[in-house]
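Q: Can you keep this structure in mind? I'll have questions shortly.
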Amino acid sequence: QLQASGGGLVQAGGSLRLSCSASGRILSSSTLGWFRQTSGKEREFVASIRWMGGLTDYADSVKGRFTISRENAKRALYLQMNSLKPEDTAVYYCAAHVRYRREADYWGQGTLVTVSS
């Protein structure tokens with residue numbers, strides 16, 4: 001129901017855009033978001049957006065560098081990542097019905113982002 005793509009290898013300072021497609025059933029009245037996880041660490045909240053209204057929320061570590069957006073007609077969620085740092089290296093997951101920056105009812109498969117120094 002959620003399908004993420006767009007990860008890859010990029011040099012520090014570079015940009016990547018992640019995409020996530022979602023079925024319509026889970027989009028309505030939903031908050032969608034991105035999380036990331038590195039080996040040995042808990043999954044970390046990155047950003048979220050209300051599908052209706054577009055209200056956004058960002059983790060302090062990415063604020064000003066990442067932008068979350070959605071495209072209603074395509075039922076797509078995006079994460080534009082600029083000024084990437086090596087510490088942004090992680091597997092990124094899209095999620096739906098996000099609550100409290102840590103819970104979600106639906107998870108996509110991860111997409112790996114590697115930022116080289």
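Starting from 1 in every chain, residues are counted up; chains themselves are A, B, ... following the order of the structure tokens, and ligands are numbered from 1 as listed.
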A:Gly110: which residues within 12 Å, counting only C-alpha atoms, same-chain residues fewer than 4 positions away excluded, as a PyMOL selection string?
A: chain A and resi 2-8+18-20+34-38+43+90-95
Q: Produce a file of the selected residues containing C-alpha atoms, as a PDB file, in the first residue's frame.
A:
```pdb
ATOM      1  CA  LEU A   2       3.012   2.263   0.388  1.00  0.00           C
ATOM      2  CA  GLN A   3       5.902   2.117  -2.023  1.00  0.00           C
ATOM      3  CA  ALA A   4       9.032   4.231  -1.466  1.00  0.00           C
ATOM      4  CA  SER A   5      11.752   4.961  -3.995  1.00  0.00           C
ATOM      5  CA  GLY A   6      14.501   7.421  -4.790  1.00  0.00           C
ATOM      6  CA  GLY A   7      17.286   6.446  -2.444  1.00  0.00           C
ATOM      7  CA  GLY A   8      20.875   6.233  -3.553  1.00  0.00           C
ATOM      8  CA  LEU A  18      12.417  10.408  -2.161  1.00  0.00           C
ATOM      9  CA  SER A  19       8.999   9.421  -3.447  1.00  0.00           C
ATOM     10  CA  CYS A  20       6.272   7.306  -1.948  1.00  0.00           C
ATOM     11  CA  TRP A  34       9.025   9.879   6.659  1.00  0.00           C
ATOM     12  CA  PHE A  35      11.153   8.098   9.207  1.00  0.00           C
ATOM     13  CA  ARG A  36      14.707   6.842   9.028  1.00  0.00           C
ATOM     14  CA  GLN A  37      16.736   4.179  10.727  1.00  0.00           C
ATOM     15  CA  THR A  38      20.398   3.316  10.938  1.00  0.00           C
ATOM     16  CA  ARG A  43      13.589   4.426  13.932  1.00  0.00           C
ATOM     17  CA  ALA A  90      19.933   5.735   6.782  1.00  0.00           C
ATOM     18  CA  VAL A  91      17.143   3.608   5.450  1.00  0.00           C
ATOM     19  CA  TYR A  92      14.186   5.917   4.915  1.00  0.00           C
ATOM     20  CA  TYR A  93      10.607   4.730   5.343  1.00  0.00           C
ATOM     21  CA  CYS A  94       7.365   6.373   4.354  1.00  0.00           C
ATOM     22  CA  ALA A  95       4.418   5.884   6.654  1.00  0.00           C
TER      23      ALA A  95
END
```
Q: Running DSSP on the backbone, which parts of chain A land in strand (DSSP E), as a ChimeraX atom specification?
A: /A:2-5,8-11,16-22,31-37,44-50,56-58,66-71,76-81,90-96,106-107,111-116
Q: Which of these residues is nearest to A:Phe66, using only C-alpha atoms: A:Trp51, A:Leu9, A:Gly40, A:Leu16?
A: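 Answer, going by the shortest atom-to-atom distance: A:Leu16.
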Q: Considering only C-alpha atoms, can you say which of A:Arg70, A:Arg75, A:Arg65, A:His97 comes closest to A:Ser15?
A: A:Arg65
Q: Mind giving me the straight-line distance from atom CA of A:Gln1 to atom CA of A:Ala22 in Å, one decimal?
A: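 According to the coordinates, atom CA of A:Gln1 and atom CA of A:Ala22 are separated by 5.5 Å.
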Q: Chain A: which residues are helix (DSSP H, G or I) by DSSP, as a list of chain:residue names?
A: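 Checking each residue of chain A, the helix (DSSP H, G or I) ones are A:Gly24, A:Arg25, A:Ile26, A:Asn72, A:Ala73, A:Lys74, A:Pro86, A:Glu87, A:Asp88.
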Q: Go through A:Lys74, A:Arg17, A:Gln11, A:Ser23 one by one, measure the shortest atom-to-atom distance of each to A:Gly108 using only C-alpha atoms, and give the residue with the smallest value.
A: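 The closest residue to A:Gly108 is A:Ser23.
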